[in-house]
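Asker: After the structure tokens below, expect a handful of questions from me.
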Amino acid sequence: MQLYDNPASPFCRKVRVVLIETGQIDAVEVLPAAGTALDPGQMPLAENPLGKIPVLTRPEGPALHDSRVICRYLDARAGGGLYPESRLWEVLTLEATADGIMDAAVLMVYETRCRPEAERSAPWVEGQWDRVTRALDAIEARWISQLAGPLTMGQIALGCALGYLDFRHGACDWRQGRESLAAWEAGIARRPAMEQTAPGG
Ligand SMILES: N[C@@H](CCC(=O)N[C@@H](CS)C(=O)NCC(=O)O)C(=O)O
């Protein structure tokens with residue numbers, strides 16, 4: 001298998017964490033990719049017409065995207081147990097919430113990276129951060145119990161989302177007023193798979 005990947009991408013990090021946690025990292029060749037909607041660069045457009053990564057190629061069928069599909073495929077392939085049947089809908093909703101945090105946080109970065117200064121919208125950027133803070137507040141208030149117990153895909157996604165906030169939006173201090181979530185994050189960040197995939201680039 002080949003994984004189109006970027007070390008700064010929280011979505012790609014989800015996949016790399018699952019590969020390590022399920023013992024499949026050696027089954028994949030990692031291919032660096034980067035690009036945006038303005039300039040697809042080395043994005044694998046033939047494998048994913050949306051021009052986004054991660055993308056996973058595999059011998060037995062068409063390439064897979066997006067991160068949710070790839071992670072579920074890899075878990076099924078290894079019998080990883082990251083989607084426990086008894087909590088499936090909660091796990092998937094937590095993953096979707098974490099992915100939404102990543103989407104908003106990535107869009108904030110693109111606003112400065114891809115738009116000339118005169119075309120940037122501060123209210124639009126603030127609206128993205130509002131999404132992040134509402135999601136974090138909801139997790140702190142209602143989802144902490146889901147973060148206990150054996151590792152799930154929802155927990156991995158949330159760990160990657162919080163790591164990306166530290167990486168790109170550290171000055172916003174997401175931990176402020178969210179002691180339970182901060183304590184949980186300190187724990188998951190110490191897992192070897194999280195340490196080995198810390199964002200960079
Ligand atoms: N929903 C997708 C999101 C993937 C995504 O947005 N990836 C970013 C990298 S962090 C990307 O490919 N950006 C290029 C672009 O949007 O043009 C997933 O879960 O894989």
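If you're wondering about the labels, chains in the structure tokens are A, B, ... by order shown, residues count from 1 in each chain, ligands from 1 in order shown.
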Name the residues, by chain letter and number, that sit within 8 Å of ligand 1 using only C-alpha atoms and all ligand atoms, and give them as a PDB file with N, CA, C and O atoms, in the first residue's frame.
Answerer:
ATOM      1  N   ASN A   6       1.281  14.130   4.404  1.00  0.00           N
ATOM      2  CA  ASN A   6       2.062  15.328   4.713  1.00  0.00           C
ATOM      3  C   ASN A   6       2.233  15.380   6.232  1.00  0.00           C
ATOM      4  O   ASN A   6       1.240  15.220   6.961  1.00  0.00           O
ATOM      5  N   ALA A   8       2.496  17.685   8.299  1.00  0.00           N
ATOM      6  CA  ALA A   8       1.772  18.745   9.017  1.00  0.00           C
ATOM      7  C   ALA A   8       0.272  18.473   9.084  1.00  0.00           C
ATOM      8  O   ALA A   8      -0.443  19.131   9.844  1.00  0.00           O
ATOM      9  N   SER A   9      -0.223  17.526   8.304  1.00  0.00           N
ATOM     10  CA  SER A   9      -1.672  17.327   8.176  1.00  0.00           C
ATOM     11  C   SER A   9      -2.247  16.495   9.325  1.00  0.00           C
ATOM     12  O   SER A   9      -1.822  15.354   9.548  1.00  0.00           O
ATOM     13  N   PRO A  10      -3.236  17.034  10.043  1.00  0.00           N
ATOM     14  CA  PRO A  10      -3.851  16.246  11.123  1.00  0.00           C
ATOM     15  C   PRO A  10      -4.649  15.062  10.588  1.00  0.00           C
ATOM     16  O   PRO A  10      -4.794  14.047  11.273  1.00  0.00           O
ATOM     17  N   PHE A  11      -5.187  15.198   9.371  1.00  0.00           N
ATOM     18  CA  PHE A  11      -5.947  14.085   8.772  1.00  0.00           C
ATOM     19  C   PHE A  11      -4.999  12.933   8.431  1.00  0.00           C
ATOM     20  O   PHE A  11      -5.314  11.763   8.671  1.00  0.00           O
ATOM     21  N   CYS A  12      -3.831  13.277   7.873  1.00  0.00           N
ATOM     22  CA  CYS A  12      -2.833  12.239   7.583  1.00  0.00           C
ATOM     23  C   CYS A  12      -2.306  11.629   8.876  1.00  0.00           C
ATOM     24  O   CYS A  12      -2.027  10.429   8.942  1.00  0.00           O
ATOM     25  N   ALA A  34       1.836  17.628  -1.212  1.00  0.00           N
ATOM     26  CA  ALA A  34       1.403  18.930  -0.696  1.00  0.00           C
ATOM     27  C   ALA A  34       0.707  19.662  -1.828  1.00  0.00           C
ATOM     28  O   ALA A  34       0.953  19.395  -3.002  1.00  0.00           O
ATOM     29  N   GLY A  35      -0.182  20.588  -1.467  1.00  0.00           N
ATOM     30  CA  GLY A  35      -0.884  21.374  -2.477  1.00  0.00           C
ATOM     31  C   GLY A  35      -2.105  22.022  -1.872  1.00  0.00           C
ATOM     32  O   GLY A  35      -2.462  21.752  -0.725  1.00  0.00           O
ATOM     33  N   THR A  36      -2.718  22.894  -2.655  1.00  0.00           N
ATOM     34  CA  THR A  36      -3.940  23.571  -2.213  1.00  0.00           C
ATOM     35  C   THR A  36      -4.916  23.606  -3.386  1.00  0.00           C
ATOM     36  O   THR A  36      -4.577  23.177  -4.497  1.00  0.00           O
ATOM     37  N   ALA A  37      -6.099  24.183  -3.143  1.00  0.00           N
ATOM     38  CA  ALA A  37      -7.074  24.325  -4.227  1.00  0.00           C
ATOM     39  C   ALA A  37      -6.519  25.225  -5.331  1.00  0.00           C
ATOM     40  O   ALA A  37      -6.848  25.057  -6.506  1.00  0.00           O
ATOM     41  N   LEU A  38      -5.665  26.186  -4.965  1.00  0.00           N
ATOM     42  CA  LEU A  38      -5.095  27.102  -5.961  1.00  0.00           C
ATOM     43  C   LEU A  38      -3.994  26.443  -6.773  1.00  0.00           C
ATOM     44  O   LEU A  38      -3.816  26.739  -7.949  1.00  0.00           O
ATOM     45  N   ASP A  39      -3.263  25.564  -6.117  1.00  0.00           N
ATOM     46  CA  ASP A  39      -2.146  24.885  -6.777  1.00  0.00           C
ATOM     47  C   ASP A  39      -2.058  23.469  -6.225  1.00  0.00           C
ATOM     48  O   ASP A  39      -1.516  23.255  -5.146  1.00  0.00           O
ATOM     49  N   PRO A  40      -2.602  22.491  -6.976  1.00  0.00           N
ATOM     50  CA  PRO A  40      -2.650  21.119  -6.450  1.00  0.00           C
ATOM     51  C   PRO A  40      -1.269  20.505  -6.216  1.00  0.00           C
ATOM     52  O   PRO A  40      -1.169  19.481  -5.543  1.00  0.00           O
ATOM     53  N   MET A  43      -0.453  16.820  -5.240  1.00  0.00           N
ATOM     54  CA  MET A  43      -1.623  16.060  -4.770  1.00  0.00           C
ATOM     55  C   MET A  43      -1.965  14.951  -5.777  1.00  0.00           C
ATOM     56  O   MET A  43      -1.908  15.173  -6.984  1.00  0.00           O
ATOM     57  N   LEU A  50     -10.642  15.134  -5.620  1.00  0.00           N
ATOM     58  CA  LEU A  50     -10.832  16.305  -4.769  1.00  0.00           C
ATOM     59  C   LEU A  50      -9.506  17.012  -4.478  1.00  0.00           C
ATOM     60  O   LEU A  50      -9.500  18.136  -3.977  1.00  0.00           O
ATOM     61  N   GLY A  51      -8.390  16.339  -4.783  1.00  0.00           N
ATOM     62  CA  GLY A  51      -7.088  16.973  -4.568  1.00  0.00           C
ATOM     63  C   GLY A  51      -6.738  17.142  -3.113  1.00  0.00           C
ATOM     64  O   GLY A  51      -6.089  18.114  -2.724  1.00  0.00           O
ATOM     65  N   LYS A  52      -7.170  16.209  -2.278  1.00  0.00           N
ATOM     66  CA  LYS A  52      -6.865  16.271  -0.850  1.00  0.00           C
ATOM     67  C   LYS A  52      -6.145  15.006  -0.424  1.00  0.00           C
ATOM     68  O   LYS A  52      -6.280  13.948  -1.049  1.00  0.00           O
ATOM     69  N   ILE A  53      -5.412  15.119   0.670  1.00  0.00           N
ATOM     70  CA  ILE A  53      -4.783  13.969   1.296  1.00  0.00           C
ATOM     71  C   ILE A  53      -5.312  13.846   2.728  1.00  0.00           C
ATOM     72  O   ILE A  53      -5.797  14.852   3.276  1.00  0.00           O
ATOM     73  N   PRO A  54      -5.268  12.655   3.310  1.00  0.00           N
ATOM     74  CA  PRO A  54      -4.599  11.429   2.898  1.00  0.00           C
ATOM     75  C   PRO A  54      -5.350  10.661   1.805  1.00  0.00           C
ATOM     76  O   PRO A  54      -6.569  10.744   1.697  1.00  0.00           O
ATOM     77  N   VAL A  55      -4.537   9.895   1.044  1.00  0.00           N
ATOM     78  CA  VAL A  55      -5.060   8.928   0.075  1.00  0.00           C
ATOM     79  C   VAL A  55      -4.262   7.643   0.278  1.00  0.00           C
ATOM     80  O   VAL A  55      -3.045   7.691   0.452  1.00  0.00           O
ATOM     81  N   HIS A  65      -9.988   7.368  -0.070  1.00  0.00           N
ATOM     82  CA  HIS A  65      -9.961   8.623   0.674  1.00  0.00           C
ATOM     83  C   HIS A  65     -11.336   8.729   1.296  1.00  0.00           C
ATOM     84  O   HIS A  65     -12.258   8.012   0.894  1.00  0.00           O
ATOM     85  N   ASP A  66     -11.670   9.493   2.331  1.00  0.00           N
ATOM     86  CA  ASP A  66     -10.792  10.384   3.029  1.00  0.00           C
ATOM     87  C   ASP A  66     -10.280   9.701   4.300  1.00  0.00           C
ATOM     88  O   ASP A  66     -10.359   8.469   4.401  1.00  0.00           O
ATOM     89  N   SER A  67      -9.809  10.461   5.283  1.00  0.00           N
ATOM     90  CA  SER A  67      -9.186   9.837   6.451  1.00  0.00           C
ATOM     91  C   SER A  67     -10.152   8.901   7.184  1.00  0.00           C
ATOM     92  O   SER A  67      -9.740   7.863   7.698  1.00  0.00           O
ATOM     93  N   ARG A  68     -11.443   9.250   7.204  1.00  0.00           N
ATOM     94  CA  ARG A  68     -12.393   8.388   7.937  1.00  0.00           C
ATOM     95  C   ARG A  68     -12.522   7.026   7.266  1.00  0.00           C
ATOM     96  O   ARG A  68     -12.604   5.994   7.932  1.00  0.00           O
ATOM     97  N   ASP A  99     -12.808  15.812  13.416  1.00  0.00           N
ATOM     98  CA  ASP A  99     -12.503  16.176  12.026  1.00  0.00           C
ATOM     99  C   ASP A  99     -13.004  17.589  11.712  1.00  0.00           C
ATOM    100  O   ASP A  99     -12.366  18.342  10.964  1.00  0.00           O
ATOM    101  N   MET A 102     -10.561  19.991  12.990  1.00  0.00           N
ATOM    102  CA  MET A 102      -9.419  20.071  12.057  1.00  0.00           C
ATOM    103  C   MET A 102      -9.775  20.889  10.826  1.00  0.00           C
ATOM    104  O   MET A 102      -8.982  21.728  10.380  1.00  0.00           O
ATOM    105  N   ASP A 103     -10.968  20.649  10.255  1.00  0.00           N
ATOM    106  CA  ASP A 103     -11.384  21.398   9.054  1.00  0.00           C
ATOM    107  C   ASP A 103     -11.322  22.896   9.321  1.00  0.00           C
ATOM    108  O   ASP A 103     -10.771  23.662   8.513  1.00  0.00           O
ATOM    109  N   VAL A 106      -7.689  24.101   9.850  1.00  0.00           N
ATOM    110  CA  VAL A 106      -6.934  24.111   8.589  1.00  0.00           C
ATOM    111  C   VAL A 106      -7.385  25.291   7.716  1.00  0.00           C
ATOM    112  O   VAL A 106      -6.560  25.991   7.115  1.00  0.00           O
TER     113      VAL A 106
END
Asker: Report the residues of stretch 6-198 of chain A whose backbone DSSP state falls under strand (DSSP E or B), written as a VMD selection string.
Answerer: chain A and resid 29 to 32 55 to 58 61 to 64
Asker: Provide the atom CA of A:Leu107 to atom CA of A:Thr57 distance in Å, to one decimal place.
Answerer: 26.1 Å
Asker: My list of candidates is A:Gly127, A:Pro32, A:Gly187, A:Gly149. Which is closest to A:Gly201 when distances are computed with only C-alpha atoms?
Answerer: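 Distance minimum relative to A:Gly201 lands on A:Pro32.
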